[in-house]
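Working notes, structure below.
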Amino acid sequence: MKIFFLFTFSTFLLSAFEPAAAFAHYDKILTHSRIRARDQGPNVCALQQVMGTKKKYFSTCRNWYQQAICGKKATVLYECCPGYMKMDGTRGCPAVAPIDHVYGTLGIVGATSTQQYSDISRLREEIEGRGSFTFFAPSNEAWDQLDSEVHRNLVDNVNIELYNALHHHMLNKRMLTKDLKNGMTLVSMYNGQKLLINHYPNGVVTVNCARIIHGNQIATNGVVHVVDRVLSAVEYTIQDFIEAEEDLSSFRDSAITSGVMDILGRPGHYTLFVPTNEAFERLPRGVFERIKGDKVASEALVKFHILNTLQCSEAITGGAVYETLEGNTVEIGCDGESLTVNGVKMVKRKDIVTSNGVIHLIDQVLIPDSAKQVIELGGAQQTTFTDLVAQLGLASSLRPEGQYTLLAPLNGAFSDDTLRLDQRLLKTILQNHIIKVKVGLNELYNGQELETIGGKLLRVFVYRTSVCIENSCMVRGSKEGRNGFIHVFRQIINPAEKTLHEMLRNDKRFSTFLSLVKAADLDDVLSRPGQWTLFVPTNDAFKGLTDDDKDILIRDKNALRNILLYHLTQGVFIGSGFEPGVTNILKTIQGGKLYLKTVNDTLLVNELKSRESDLMATNGVIHVIDKLLYPAELPVGNDQLLTILKKLIKYIQIKFVRDSTFKEIPLTFYKINIIESNVQPIITKEEPIIKTYTKIIDGRPVEVTEKKVTEERIIQGPEIKYTRITAGAADNEEKLKKILEEEVTKVTKFIEGDGHLLEDEEIKRLLQGAGTEYTKVTKIIEGEPQIIEREIKKVHLEG
């Protein structure tokens, strides 16, 4: 009858606590463990045990499917869930474990050493009697691992030291794991000593960083939780510990001078990874001295070692990222029994528990980017660049008080041929990768120009998924240091030196294409400032084209322009700036569409491979192709032309529509309008012409004399300025005359010898009417004085 009552009572207690427990991390993980073991019978839990150790865990999904904990292989064990037991001849764990007082429950959960010490210290009578207790009972292994001298002192003085130590593991009320909230501070039954509770999302619950390995074993007068270590008293703050340890004097000095030490003495739940003096001594010469002398850098360094959360080593079963007080993050993980920081085993001593957190001693100094000089920000993939900057003497020009931006190519961008270049030339190349000012990624915009320390201007191109500077695009890895930013690039940056036309003229591969451009009167387009992308066929694309064929093409200027302008599009589009595998549609000046995408770092244009891409010009970019492009939807109506095109284009079927013609493409997309810059006109007058005639006014004849005067306004001198308006309409040309040299948004118009400025709103209207884009350019023409305006005045003299 007594057994039946105990069975019923314990079942009632467990069921009473079950609904609330469902909301605690520990209990959720335990529930998952029961589900994983459901094939083993009722009330069986699946655990993972780290191979080669006795450490067992109710595992998270991540660890379960990885079949590893802390990088070590874990085997699966099946055990009765807490509170249940096996019965002979049945599957699983169908029986509820017997319920007893706290002392008896210590034996049930296997904490026999704690039970024995409770007996000899005369604690037994208390935990067998009336009350409601929580006992965090060290496992037998925990007592075995205790420092031998500490262990001996406890056992030698059982009535005081051992008794007090056991009381330090107890609360005077029952608290299940669901009641143990993260960040909670409890008061033990010994001298008001604190117990710091942490309840982590992975289900681990710790008490002063000791992990509960068997929780919620209900007793008639409380509950027993088995922990994996003996709890020590917590009597000092993190600040107290640092001030007392001579081996931490370097960190202590930095914490004091930066004003951070006070934080470590305040109440809280901090984790401090504190480097030893030896760790500071291993820093490169001068680095620590520089940081110590810079209060901002020193504060950043100290705060980078502090987390605002309490992370006990036993709670870390895999890598996770945590924010530091400095603002950046560190990755805390584990490798077997060792803690790792940013993937490196550096923790010498772990879990020094204080009243406001936990300390882990490390043998390396963590330096945040914010405390580094810009040249120190280079990672393992940019060592070639940073080494060359140092070797060629450029690092010394990056002053600590200056502001710079490094555009660092990946190591693979430096070919052997590049590294064998003359050092003066190599230095010039590197200077083109150092910007005079500090520019973050979020400060870059399309069309921006950045000046290097070598005096070059680099253009910025911003696309949907990438940012490029000249021919090279960024990869992830931008960092901000104390005196600048570093951005990582795929290739060496090659600033443009020549126009599109000059590049074609200087490369024999493009001679046929260039001759056709000249014949179509388009060479001027490629010579002037602008923003163009040009797909240039090599001479191989014109194999089989005879001189007669070429003459036929040249005679039909409309056809020739349609073909050539299908290779030209407005805007600069870098091949590596396109999102890989995604088709990008560009409208050409001809009006047709080009379909571009990158596959395996190769640019495809209408599915044709670009043999060489991203050749930068001062007014655009060239992508080299070995086929002539042609808009598939554009029909040909001439037999001769069809025959010629079929020789050159075999990758598509060209449409033939008898007598169809090519549309005329006027050069209004690239209009030259005369403008004048602050030059007063010279006005000349012709002799007046006087006419007399009779005119009927108000029903009666009146003799009228008319005087006609012609004036010419002439600009003297060799300079005449131009502006180009792209996609402009012809009727706006006269209105857009006389744009000032320095400001394209102000138009000067001379009327009767007096100049006045049009208002900004009117300028906007005119420019909007001219098209969506415009570019200012200057050209100097040597020659005769130019007549820019003729005005006729009529004066009526009524008789």
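Starting from 1 in every chain, residues are counted up; chains themselves are A, B, ... following the order of the structure tokens, and ligands are numbered from 1 as listed.
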
Inset, instruction - Compile the contact shell of Gly637 in chain A as a ChimeraX atom specification: residues with an atom at most 6 Å away, counting only C-alpha atoms, same-chain residues fewer than 4 positions apart removed. - result: /A:656-660

Inset, instruction - For range 467-477 of chain A, list every protein, DNA or RNA residue within 9 Å, evaluated using only C-alpha atoms, and leave out those in the same chain fewer than 4 positions away; present the list as number ranges by chain. - result: A: 379, 407, 409, 441, 444-446, 458-463, 486-496, 574-577, 613-616, 621

May I have the residues within 9 Å of Ala520 in chain A as a compact mmCIF listing (two decimals) with N, CA and C atoms, in the first residue's frame, using only C-alpha atoms and disregarding those fewer than 4 positions away in the same chain?
```
# COMPACT_ATOMS: atom_id res chain seq x y z
N SER A 515 37.77 50.76 -88.82
CA SER A 515 37.57 51.35 -90.15
C SER A 515 36.08 51.52 -90.45
N LEU A 516 35.27 50.57 -90.00
CA LEU A 516 33.83 50.69 -90.21
C LEU A 516 33.25 51.81 -89.34
N ILE A 554 29.61 50.00 -96.41
CA ILE A 554 29.89 51.42 -96.17
C ILE A 554 28.91 52.31 -96.93
N LYS A 557 24.88 53.54 -95.22
CA LYS A 557 25.27 54.06 -93.90
C LYS A 557 24.26 53.73 -92.82
N ASN A 558 22.97 53.71 -93.19
CA ASN A 558 21.96 53.36 -92.18
C ASN A 558 22.16 51.95 -91.67
N LEU A 560 24.96 50.21 -91.77
CA LEU A 560 26.22 50.14 -91.04
C LEU A 560 26.07 50.70 -89.63
N ARG A 561 25.37 51.83 -89.51
CA ARG A 561 25.18 52.41 -88.18
C ARG A 561 24.33 51.51 -87.29
N LEU A 564 26.71 48.71 -86.12
CA LEU A 564 27.75 49.14 -85.19
C LEU A 564 27.18 49.63 -83.86
```

Inset, instruction - Compile the contact shell of Phe288 in chain A as a list in words: residues with an atom at most 12 Å away, counting only C-alpha atoms, same-chain residues fewer than 5 positions apart removed. - result: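 Counting only C-alpha atoms, the residues come to Ser250, Phe251, Asp253, Ser254, Asn277, Ala279, Phe280, Glu281, Arg282, Leu283, Gly293, Asp294, Lys295, Ala297, Ser298, Leu301, Val302, Val365, Leu366, Ile367, Ala371 and Lys372 of chain A.
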
Legend entry - Atom pair CA of Gln48 in chain A / CA of Asp228 in chain A: separation (Å):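 The value is 16.0 Å.
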
Inset, instruction - Tell me, as a PyMOL selection string, which residues lie within 9 Å of Ala46 in chain A, counting only C-alpha atoms; anything in the same chain fewer than 4 positions away does not count. - result: chain A and resi 30+32-38+57-59+76-81

Inset, instruction - Do a neighbour search on Asn308 in chain A at 7 Å with only C-alpha atoms, toss out local chain neighbours closer than 3 positions, and write the hits as a list in words. - result: His269, Tyr270, Thr271, Thr324 and Leu325 of chain A

Inset, instruction - Identify, on the basis of only C-alpha atoms, every residue whose closest approach to Met189 in chain A does not exceed 6 Å; exclude the query and any residue fewer than 4 positions from it along the same chain; express the result as a list in words. - result: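 Selected residues are His167, His168, Met170 and Leu171 of chain A.
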
With all heavy atoms retained, export the selected residues as a compact mmCIF listing (two decimals), in the first residue's frame.
```txt
# COMPACT_ATOMS: atom_id res chain seq x y z
N HIS A 167 26.36 22.99 2.54
CA HIS A 167 25.31 24.00 2.64
C HIS A 167 25.38 25.01 1.48
O HIS A 167 24.37 25.56 1.07
CB HIS A 167 25.41 24.73 3.98
CG HIS A 167 24.39 24.25 4.96
ND1 HIS A 167 24.30 24.75 6.25
CD2 HIS A 167 23.39 23.32 4.87
CE1 HIS A 167 23.30 24.16 6.89
NE2 HIS A 167 22.75 23.28 6.06
N HIS A 168 26.59 25.26 1.00
CA HIS A 168 26.77 26.18 -0.13
C HIS A 168 26.13 25.63 -1.41
O HIS A 168 25.85 26.38 -2.34
CB HIS A 168 28.27 26.43 -0.36
CG HIS A 168 28.56 27.41 -1.46
ND1 HIS A 168 28.02 28.68 -1.50
CD2 HIS A 168 29.34 27.30 -2.58
CE1 HIS A 168 28.45 29.31 -2.59
NE2 HIS A 168 29.26 28.49 -3.25
N MET A 170 23.16 24.24 -1.42
CA MET A 170 21.73 24.07 -1.12
C MET A 170 20.98 25.40 -1.08
O MET A 170 21.54 26.45 -0.76
CB MET A 170 21.55 23.36 0.23
CG MET A 170 22.07 21.94 0.26
SD MET A 170 21.94 21.22 1.92
CE MET A 170 20.17 21.30 2.21
N LEU A 171 19.69 25.30 -1.45
CA LEU A 171 18.74 26.40 -1.29
C LEU A 171 17.67 25.94 -0.30
O LEU A 171 17.36 24.75 -0.23
CB LEU A 171 18.09 26.76 -2.63
CG LEU A 171 19.00 27.08 -3.82
CD1 LEU A 171 18.16 27.24 -5.09
CD2 LEU A 171 19.82 28.33 -3.55
```

Legend entry - helix (DSSP H, G or I) positions in range 246-303 of chain A, given as a count of residues only: 37
